[in-house]
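Q: Structure file work-v1.cif (mmCIF, N, CA and C atoms) right here:
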```cif
data_run
loop_
_atom_site.label_atom_id
_atom_site.label_comp_id
_atom_site.auth_asym_id
_atom_site.auth_seq_id
_atom_site.Cartn_x
_atom_site.Cartn_y
_atom_site.Cartn_z
N MET A 724 19.84 -0.51 5.71
CA MET A 724 18.65 0.09 6.26
C MET A 724 17.64 0.44 5.16
N PHE A 725 18.17 0.90 4.00
CA PHE A 725 17.28 1.23 2.88
C PHE A 725 16.50 0.00 2.43
N LEU A 726 17.19 -1.14 2.33
CA LEU A 726 16.53 -2.37 1.88
C LEU A 726 15.46 -2.81 2.87
N LEU A 727 15.70 -2.64 4.15
CA LEU A 727 14.71 -2.99 5.16
C LEU A 727 13.48 -2.10 5.04
N ARG A 728 13.69 -0.81 4.84
CA ARG A 728 12.56 0.12 4.65
C ARG A 728 11.78 -0.21 3.40
N ALA A 729 12.48 -0.54 2.32
CA ALA A 729 11.81 -0.91 1.07
C ALA A 729 11.00 -2.19 1.26
N LEU A 730 11.57 -3.15 1.95
CA LEU A 730 10.87 -4.41 2.21
C LEU A 730 9.61 -4.16 3.04
N ILE A 731 9.73 -3.34 4.07
CA ILE A 731 8.57 -3.02 4.91
C ILE A 731 7.50 -2.30 4.09
N PHE A 732 7.92 -1.39 3.22
CA PHE A 732 6.95 -0.66 2.39
C PHE A 732 6.25 -1.61 1.43
N LEU A 733 6.98 -2.54 0.82
CA LEU A 733 6.38 -3.51 -0.10
C LEU A 733 5.45 -4.47 0.65
N LEU A 734 5.86 -4.93 1.82
CA LEU A 734 5.00 -5.81 2.62
C LEU A 734 3.73 -5.10 3.07
N SER A 735 3.86 -3.84 3.46
CA SER A 735 2.67 -3.10 3.89
C SER A 735 1.72 -2.86 2.72
N ALA A 736 2.27 -2.62 1.52
CA ALA A 736 1.43 -2.48 0.33
C ALA A 736 0.70 -3.79 0.04
N ALA A 737 1.41 -4.91 0.15
CA ALA A 737 0.79 -6.22 -0.07
C ALA A 737 -0.33 -6.47 0.94
N ILE A 738 -0.08 -6.14 2.20
CA ILE A 738 -1.09 -6.33 3.24
C ILE A 738 -2.32 -5.47 2.95
N GLY A 739 -2.10 -4.22 2.56
CA GLY A 739 -3.23 -3.35 2.24
C GLY A 739 -4.07 -3.89 1.10
N LEU A 740 -3.43 -4.38 0.05
CA LEU A 740 -4.16 -4.92 -1.09
C LEU A 740 -4.89 -6.21 -0.72
N ILE A 741 -4.24 -7.06 0.07
CA ILE A 741 -4.87 -8.32 0.47
C ILE A 741 -6.09 -8.07 1.36
N VAL A 742 -5.97 -7.14 2.29
CA VAL A 742 -7.11 -6.81 3.17
C VAL A 742 -8.29 -6.31 2.34
N ALA A 743 -8.03 -5.44 1.38
CA ALA A 743 -9.11 -4.94 0.52
C ALA A 743 -9.72 -6.08 -0.29
N ASP A 744 -8.90 -7.01 -0.76
CA ASP A 744 -9.41 -8.17 -1.51
C ASP A 744 -10.32 -9.03 -0.63
N LEU A 745 -9.95 -9.19 0.62
CA LEU A 745 -10.75 -10.01 1.53
C LEU A 745 -12.05 -9.34 1.95
N VAL A 746 -12.05 -8.02 2.06
CA VAL A 746 -13.19 -7.29 2.60
C VAL A 746 -14.19 -6.85 1.52
N LEU A 747 -13.70 -6.50 0.34
CA LEU A 747 -14.56 -5.91 -0.69
C LEU A 747 -14.82 -6.89 -1.83
N ASP A 748 -16.09 -7.02 -2.22
CA ASP A 748 -16.45 -7.90 -3.32
C ASP A 748 -15.91 -7.42 -4.66
N GLY A 749 -15.91 -6.12 -4.90
CA GLY A 749 -15.49 -5.59 -6.18
C GLY A 749 -13.99 -5.41 -6.33
N PHE A 750 -13.24 -5.68 -5.31
CA PHE A 750 -11.78 -5.55 -5.31
C PHE A 750 -11.21 -6.95 -5.47
N THR A 751 -10.54 -7.21 -6.60
CA THR A 751 -10.11 -8.57 -6.89
C THR A 751 -8.64 -8.64 -7.25
N ILE A 752 -7.94 -9.50 -6.55
CA ILE A 752 -6.55 -9.83 -6.89
C ILE A 752 -6.59 -11.12 -7.69
N ASP A 753 -5.87 -11.16 -8.80
CA ASP A 753 -5.81 -12.35 -9.63
C ASP A 753 -4.82 -13.33 -9.00
N TRP A 754 -5.34 -14.22 -8.15
CA TRP A 754 -4.48 -15.16 -7.43
C TRP A 754 -3.94 -16.25 -8.36
N GLY A 755 -4.53 -16.39 -9.55
CA GLY A 755 -4.04 -17.37 -10.52
C GLY A 755 -2.76 -16.92 -11.19
N ASN A 756 -2.42 -15.65 -11.04
CA ASN A 756 -1.23 -15.08 -11.65
C ASN A 756 -0.38 -14.42 -10.57
N PRO A 757 0.45 -15.19 -9.86
CA PRO A 757 1.24 -14.61 -8.76
C PRO A 757 2.17 -13.49 -9.22
N LEU A 758 2.72 -13.60 -10.42
CA LEU A 758 3.60 -12.53 -10.91
C LEU A 758 2.81 -11.24 -11.12
N GLY A 759 1.55 -11.37 -11.52
CA GLY A 759 0.70 -10.20 -11.66
C GLY A 759 0.47 -9.51 -10.33
N PHE A 760 0.29 -10.31 -9.27
CA PHE A 760 0.10 -9.74 -7.94
C PHE A 760 1.36 -9.05 -7.46
N ILE A 761 2.50 -9.68 -7.70
CA ILE A 761 3.78 -9.06 -7.32
C ILE A 761 3.97 -7.76 -8.09
N LEU A 762 3.62 -7.77 -9.38
CA LEU A 762 3.69 -6.56 -10.19
C LEU A 762 2.76 -5.48 -9.62
N ALA A 763 1.55 -5.87 -9.22
CA ALA A 763 0.61 -4.92 -8.63
C ALA A 763 1.17 -4.31 -7.36
N ILE A 764 1.81 -5.13 -6.53
CA ILE A 764 2.40 -4.62 -5.28
C ILE A 764 3.49 -3.60 -5.59
N VAL A 765 4.38 -3.96 -6.50
CA VAL A 765 5.50 -3.06 -6.81
C VAL A 765 5.00 -1.77 -7.44
N ILE A 766 4.08 -1.88 -8.41
CA ILE A 766 3.54 -0.68 -9.06
C ILE A 766 2.85 0.20 -8.04
N PHE A 767 1.98 -0.40 -7.21
CA PHE A 767 1.25 0.38 -6.21
C PHE A 767 2.21 1.06 -5.24
N ALA A 768 3.20 0.32 -4.73
CA ALA A 768 4.13 0.88 -3.75
C ALA A 768 4.96 2.01 -4.34
N VAL A 769 5.45 1.82 -5.56
CA VAL A 769 6.26 2.87 -6.21
C VAL A 769 5.40 4.10 -6.47
N LEU A 770 4.20 3.89 -7.01
CA LEU A 770 3.31 5.03 -7.27
C LEU A 770 2.96 5.76 -5.97
N GLN A 771 2.67 5.00 -4.94
CA GLN A 771 2.32 5.62 -3.65
C GLN A 771 3.49 6.45 -3.12
N SER A 772 4.70 5.93 -3.25
CA SER A 772 5.86 6.66 -2.73
C SER A 772 6.18 7.90 -3.55
N ILE A 773 5.78 7.92 -4.82
CA ILE A 773 6.00 9.10 -5.67
C ILE A 773 4.85 10.09 -5.54
N LEU A 774 3.61 9.57 -5.57
CA LEU A 774 2.44 10.45 -5.59
C LEU A 774 2.21 11.18 -4.27
N ALA A 775 2.43 10.51 -3.14
CA ALA A 775 2.12 11.14 -1.85
C ALA A 775 2.92 12.43 -1.64
N PRO A 776 4.24 12.44 -1.80
CA PRO A 776 4.96 13.70 -1.61
C PRO A 776 4.62 14.75 -2.67
N TRP A 777 4.42 14.29 -3.91
CA TRP A 777 4.09 15.23 -4.99
C TRP A 777 2.74 15.89 -4.74
N LEU A 778 1.72 15.09 -4.40
CA LEU A 778 0.40 15.65 -4.12
C LEU A 778 0.42 16.54 -2.88
N ALA A 779 1.23 16.20 -1.90
CA ALA A 779 1.35 17.05 -0.70
C ALA A 779 1.93 18.40 -1.06
N THR A 780 2.92 18.41 -1.95
CA THR A 780 3.51 19.68 -2.38
C THR A 780 2.49 20.52 -3.14
N VAL A 781 1.76 19.88 -4.05
CA VAL A 781 0.74 20.58 -4.83
C VAL A 781 -0.34 21.13 -3.90
N ALA A 782 -0.79 20.32 -2.96
CA ALA A 782 -1.84 20.77 -2.04
C ALA A 782 -1.34 21.89 -1.14
N ARG A 783 -0.10 21.79 -0.68
CA ARG A 783 0.45 22.82 0.20
C ARG A 783 0.45 24.18 -0.51
N ARG A 784 0.77 24.16 -1.80
CA ARG A 784 0.82 25.41 -2.56
C ARG A 784 -0.56 25.93 -2.92
N ASN A 785 -1.47 25.02 -3.30
CA ASN A 785 -2.75 25.45 -3.89
C ASN A 785 -3.97 25.26 -3.01
N ALA A 786 -3.96 24.25 -2.15
CA ALA A 786 -5.13 23.97 -1.32
C ALA A 786 -4.70 23.36 0.01
N PRO A 787 -4.18 24.16 0.91
CA PRO A 787 -3.67 23.63 2.18
C PRO A 787 -4.70 22.86 2.99
N ALA A 788 -5.97 23.15 2.80
CA ALA A 788 -7.01 22.45 3.55
C ALA A 788 -7.08 20.96 3.18
N LEU A 789 -6.55 20.59 2.03
CA LEU A 789 -6.60 19.20 1.58
C LEU A 789 -5.43 18.36 2.09
N LEU A 790 -4.48 18.94 2.78
CA LEU A 790 -3.29 18.20 3.22
C LEU A 790 -3.62 16.99 4.08
N GLY A 791 -4.66 17.06 4.87
CA GLY A 791 -5.02 15.93 5.73
C GLY A 791 -5.46 14.69 4.97
N GLY A 792 -5.99 14.86 3.77
CA GLY A 792 -6.49 13.73 3.00
C GLY A 792 -5.56 13.25 1.91
N ILE A 793 -4.33 13.75 1.89
CA ILE A 793 -3.40 13.41 0.82
C ILE A 793 -3.11 11.91 0.78
N GLY A 794 -3.02 11.26 1.91
CA GLY A 794 -2.75 9.81 1.93
C GLY A 794 -3.81 9.02 1.20
N ILE A 795 -5.07 9.35 1.45
CA ILE A 795 -6.16 8.62 0.79
C ILE A 795 -6.23 8.99 -0.68
N VAL A 796 -6.01 10.26 -1.00
CA VAL A 796 -6.03 10.68 -2.41
C VAL A 796 -4.91 10.01 -3.20
N SER A 797 -3.71 9.95 -2.64
CA SER A 797 -2.60 9.30 -3.33
C SER A 797 -2.83 7.79 -3.43
N THR A 798 -3.49 7.20 -2.43
CA THR A 798 -3.83 5.78 -2.50
C THR A 798 -4.82 5.53 -3.62
N PHE A 799 -5.83 6.39 -3.74
CA PHE A 799 -6.81 6.28 -4.83
C PHE A 799 -6.11 6.38 -6.18
N ALA A 800 -5.24 7.37 -6.34
CA ALA A 800 -4.54 7.55 -7.62
C ALA A 800 -3.64 6.36 -7.93
N ALA A 801 -2.93 5.85 -6.93
CA ALA A 801 -2.06 4.69 -7.14
C ALA A 801 -2.87 3.45 -7.51
N LEU A 802 -4.02 3.26 -6.86
CA LEU A 802 -4.89 2.13 -7.22
C LEU A 802 -5.42 2.27 -8.64
N LEU A 803 -5.85 3.48 -9.00
CA LEU A 803 -6.38 3.72 -10.34
C LEU A 803 -5.36 3.40 -11.41
N ILE A 804 -4.15 3.88 -11.24
CA ILE A 804 -3.09 3.63 -12.23
C ILE A 804 -2.72 2.15 -12.26
N THR A 805 -2.66 1.51 -11.09
CA THR A 805 -2.32 0.09 -11.03
C THR A 805 -3.37 -0.75 -11.76
N VAL A 806 -4.64 -0.42 -11.58
CA VAL A 806 -5.72 -1.17 -12.24
C VAL A 806 -5.65 -0.99 -13.75
N ILE A 807 -5.26 0.18 -14.21
CA ILE A 807 -5.21 0.45 -15.65
C ILE A 807 -4.09 -0.33 -16.33
N ILE A 808 -3.01 -0.60 -15.64
CA ILE A 808 -1.85 -1.28 -16.23
C ILE A 808 -2.19 -2.75 -16.49
N PRO A 809 -2.07 -3.18 -17.75
CA PRO A 809 -2.39 -4.58 -18.07
C PRO A 809 -1.42 -5.55 -17.39
N GLY A 810 -1.95 -6.65 -16.95
CA GLY A 810 -1.12 -7.68 -16.32
C GLY A 810 -0.77 -7.41 -14.88
N ALA A 811 -1.32 -6.36 -14.29
CA ALA A 811 -0.97 -6.01 -12.91
C ALA A 811 -1.67 -6.91 -11.89
N GLY A 812 -2.63 -7.70 -12.31
CA GLY A 812 -3.26 -8.65 -11.41
C GLY A 812 -4.22 -8.05 -10.41
N LEU A 813 -4.74 -6.87 -10.71
CA LEU A 813 -5.66 -6.19 -9.80
C LEU A 813 -6.80 -5.58 -10.59
N THR A 814 -8.03 -5.84 -10.15
CA THR A 814 -9.19 -5.21 -10.77
C THR A 814 -10.10 -4.66 -9.68
N ILE A 815 -10.71 -3.54 -9.98
CA ILE A 815 -11.70 -2.95 -9.09
C ILE A 815 -12.93 -2.69 -9.94
N GLY A 816 -14.04 -3.27 -9.54
CA GLY A 816 -15.25 -3.16 -10.34
C GLY A 816 -16.46 -2.85 -9.49
N ALA A 817 -17.59 -3.46 -9.89
CA ALA A 817 -18.87 -3.23 -9.23
C ALA A 817 -18.85 -3.85 -7.85
N PRO A 818 -19.56 -3.30 -6.92
CA PRO A 818 -20.37 -2.09 -7.00
C PRO A 818 -19.52 -0.82 -7.07
N TRP A 819 -20.13 0.26 -7.52
CA TRP A 819 -19.41 1.52 -7.76
C TRP A 819 -18.74 2.06 -6.51
N TRP A 820 -19.33 1.82 -5.36
CA TRP A 820 -18.76 2.37 -4.13
C TRP A 820 -17.46 1.69 -3.71
N THR A 821 -17.12 0.59 -4.38
CA THR A 821 -15.83 -0.05 -4.11
C THR A 821 -14.70 0.93 -4.38
N TRP A 822 -14.88 1.77 -5.40
CA TRP A 822 -13.86 2.77 -5.73
C TRP A 822 -13.71 3.81 -4.63
N LEU A 823 -14.74 4.01 -3.82
CA LEU A 823 -14.67 4.97 -2.72
C LEU A 823 -14.11 4.34 -1.44
N ILE A 824 -14.49 3.09 -1.20
CA ILE A 824 -14.10 2.42 0.04
C ILE A 824 -12.70 1.81 -0.06
N ALA A 825 -12.34 1.29 -1.24
CA ALA A 825 -11.04 0.60 -1.40
C ALA A 825 -9.85 1.47 -0.99
N PRO A 826 -9.77 2.72 -1.43
CA PRO A 826 -8.62 3.53 -1.01
C PRO A 826 -8.54 3.71 0.51
N VAL A 827 -9.68 3.83 1.15
CA VAL A 827 -9.67 4.01 2.61
C VAL A 827 -9.16 2.75 3.30
N ILE A 828 -9.66 1.58 2.85
CA ILE A 828 -9.23 0.32 3.45
C ILE A 828 -7.75 0.06 3.19
N VAL A 829 -7.33 0.25 1.94
CA VAL A 829 -5.91 0.01 1.59
C VAL A 829 -5.03 0.98 2.36
N TRP A 830 -5.43 2.24 2.43
CA TRP A 830 -4.64 3.25 3.15
C TRP A 830 -4.53 2.89 4.63
N LEU A 831 -5.64 2.52 5.24
CA LEU A 831 -5.63 2.19 6.67
C LEU A 831 -4.80 0.94 6.95
N ALA A 832 -4.99 -0.11 6.16
CA ALA A 832 -4.23 -1.35 6.37
C ALA A 832 -2.74 -1.13 6.11
N THR A 833 -2.42 -0.35 5.08
CA THR A 833 -1.02 -0.05 4.77
C THR A 833 -0.39 0.78 5.89
N ALA A 834 -1.12 1.75 6.39
CA ALA A 834 -0.60 2.59 7.47
C ALA A 834 -0.34 1.76 8.73
N LEU A 835 -1.28 0.89 9.08
CA LEU A 835 -1.09 0.04 10.26
C LEU A 835 0.09 -0.91 10.08
N ALA A 836 0.18 -1.51 8.89
CA ALA A 836 1.29 -2.43 8.63
C ALA A 836 2.63 -1.70 8.66
N THR A 837 2.67 -0.49 8.11
CA THR A 837 3.91 0.29 8.12
C THR A 837 4.31 0.65 9.54
N TRP A 838 3.36 0.79 10.41
CA TRP A 838 3.63 1.12 11.80
C TRP A 838 4.03 -0.12 12.60
N LEU A 839 3.39 -1.28 12.32
CA LEU A 839 3.62 -2.49 13.11
C LEU A 839 4.79 -3.35 12.63
N LEU A 840 5.02 -3.41 11.32
CA LEU A 840 6.08 -4.28 10.79
C LEU A 840 7.48 -3.94 11.30
N PRO A 841 7.85 -2.66 11.40
CA PRO A 841 9.19 -2.37 11.94
C PRO A 841 9.38 -2.92 13.35
N ALA A 842 8.34 -2.87 14.15
CA ALA A 842 8.45 -3.41 15.51
C ALA A 842 8.73 -4.91 15.48
N LEU A 843 8.12 -5.63 14.55
CA LEU A 843 8.37 -7.07 14.43
C LEU A 843 9.80 -7.35 14.01
N PHE A 844 10.31 -6.57 13.04
CA PHE A 844 11.68 -6.76 12.58
C PHE A 844 12.68 -6.41 13.68
N ILE A 845 12.41 -5.34 14.42
CA ILE A 845 13.31 -4.93 15.50
C ILE A 845 13.31 -5.99 16.61
N LYS A 846 12.12 -6.50 16.95
CA LYS A 846 12.02 -7.53 17.98
C LYS A 846 12.82 -8.76 17.58
N LYS A 847 12.73 -9.18 16.33
CA LYS A 847 13.47 -10.34 15.86
C LYS A 847 14.97 -10.10 15.94
N LYS A 848 15.40 -8.91 15.56
CA LYS A 848 16.83 -8.59 15.62
C LYS A 848 17.32 -8.59 17.07
N VAL A 849 16.54 -8.05 17.98
CA VAL A 849 16.92 -8.04 19.40
C VAL A 849 16.99 -9.47 19.93
N ASP A 850 16.01 -10.29 19.58
CA ASP A 850 16.02 -11.69 20.01
C ASP A 850 17.23 -12.43 19.45
N ASP A 851 17.56 -12.17 18.20
CA ASP A 851 18.74 -12.81 17.59
C ASP A 851 20.03 -12.41 18.30
N ARG A 852 20.15 -11.14 18.67
CA ARG A 852 21.35 -10.67 19.38
C ARG A 852 21.44 -11.28 20.77
N ARG A 853 20.27 -11.40 21.44
CA ARG A 853 20.27 -12.02 22.76
C ARG A 853 20.72 -13.46 22.68
N ASP A 854 20.23 -14.17 21.67
CA ASP A 854 20.61 -15.56 21.50
C ASP A 854 22.10 -15.69 21.18
N ALA A 855 22.64 -14.75 20.41
CA ALA A 855 24.05 -14.79 20.03
C ALA A 855 24.96 -14.53 21.23
N THR A 856 24.52 -13.67 22.16
CA THR A 856 25.36 -13.35 23.32
C THR A 856 25.18 -14.35 24.46
N ALA A 857 24.11 -15.11 24.42
CA ALA A 857 23.84 -16.05 25.53
C ALA A 857 24.61 -17.34 25.38
#
```
If you convert what's in this file into structure tokens, what do you get?

A:
Amino acid sequence: MFLLRALIFLLSAAIGLIVADLVLDGFTIDWGNPLGFILAIVIFAVLQSILAPWLATVARRNAPALLGGIGIVSTFAALLITVIIPGAGLTIGAPWWTWLIAPVIVWLATALATWLLPALFIKKKVDDRRDATA
């Protein structure tokens, strides 16, 4: 079950990054370096899974009013750190507002993928069991 959750989290991170690459001019995935993109996915997903609970704890203690925006804030921080790491295959540049819009798009696409992907995996497993018993 842990591996399935990890796979879903990595796939949802990839979907979020790809959607931002397709929608935003200043958000660029280096498609010439597939290992860089895989590295970007792993770095982003790990950072997101670490930063979100940590920032929620900090906000709960110091600024409870910010709890609603922790997902977008942690997405911004994870994107920032991923872009800084050399070889990660991800750049965010001009126009300046890309830095404001990218976290929202990545967060929204990742959230939707995290919600929808388990249903696809469960449906496939149910279909496989039906086929096995038939």

Q: Leaving out segment 838-841 of chain A and any residue of its chain fewer than 4 positions from it, which residues lie within 7 Å of it when counting only C-alpha atoms, given as a list in words?

A: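 After dropping sequence-adjacent residues, the list is Ile731, Ala834 and Ile845 of chain A.
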
Q: Residues as selected, N, CA and C atoms, written as a PDB file, in the frame of the given file, can you do that?

A:
```pdb
ATOM      1  N   ILE A 731       9.730  -3.340   4.070  1.00  0.00           N
ATOM      2  CA  ILE A 731       8.570  -3.020   4.910  1.00  0.00           C
ATOM      3  C   ILE A 731       7.500  -2.300   4.090  1.00  0.00           C
ATOM      4  N   ALA A 834      -1.120   1.750   6.390  1.00  0.00           N
ATOM      5  CA  ALA A 834      -0.600   2.590   7.470  1.00  0.00           C
ATOM      6  C   ALA A 834      -0.340   1.760   8.730  1.00  0.00           C
ATOM      7  N   ILE A 845      12.410  -5.340  14.420  1.00  0.00           N
ATOM      8  CA  ILE A 845      13.310  -4.930  15.500  1.00  0.00           C
ATOM      9  C   ILE A 845      13.310  -5.990  16.610  1.00  0.00           C
TER      10      ILE A 845
END
```

Q: Can you give me, as a list in words, the residues this file yields under the PyMOL selection byres (((chain A and resi 730 and name CA) around 12) and name CA)?

A: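 With the shown file as input, the PyMOL selection byres (((chain A and resi 730 and name CA) around 12) and name CA) matches Met724, Phe725, Leu726, Leu727, Arg728, Ala729, Ile731, Phe732, Leu733, Leu734, Ser735, Ala736, Ala737, Ile764, Val765, Ala768, Ala836, Thr837, Leu840, Pro841 and Phe844 of chain A.
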
Q: Excluding same-chain residues fewer than 5 positions from Ile761 of chain A, what lies within 8 Å of it counting all atoms listed in the file, as a list in words?

A: Asn756, Ile766, Phe767, Ala811 and Gly812 of chain A

Q: Find, counting only C-alpha atoms, the residue in A:Trp820, A:Thr798, A:Arg783, A:Gly749 that gets nearest to Ala832 of chain A.

A: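 Of the candidates, the smallest distance to Ala832 of chain A is held by A:Thr798.
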
Q: Do you have the atom CA of Ala801 of chain A-atom N of Ala842 of chain A distance handy?

A: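 Distance between the two atoms: 24.9 Å.
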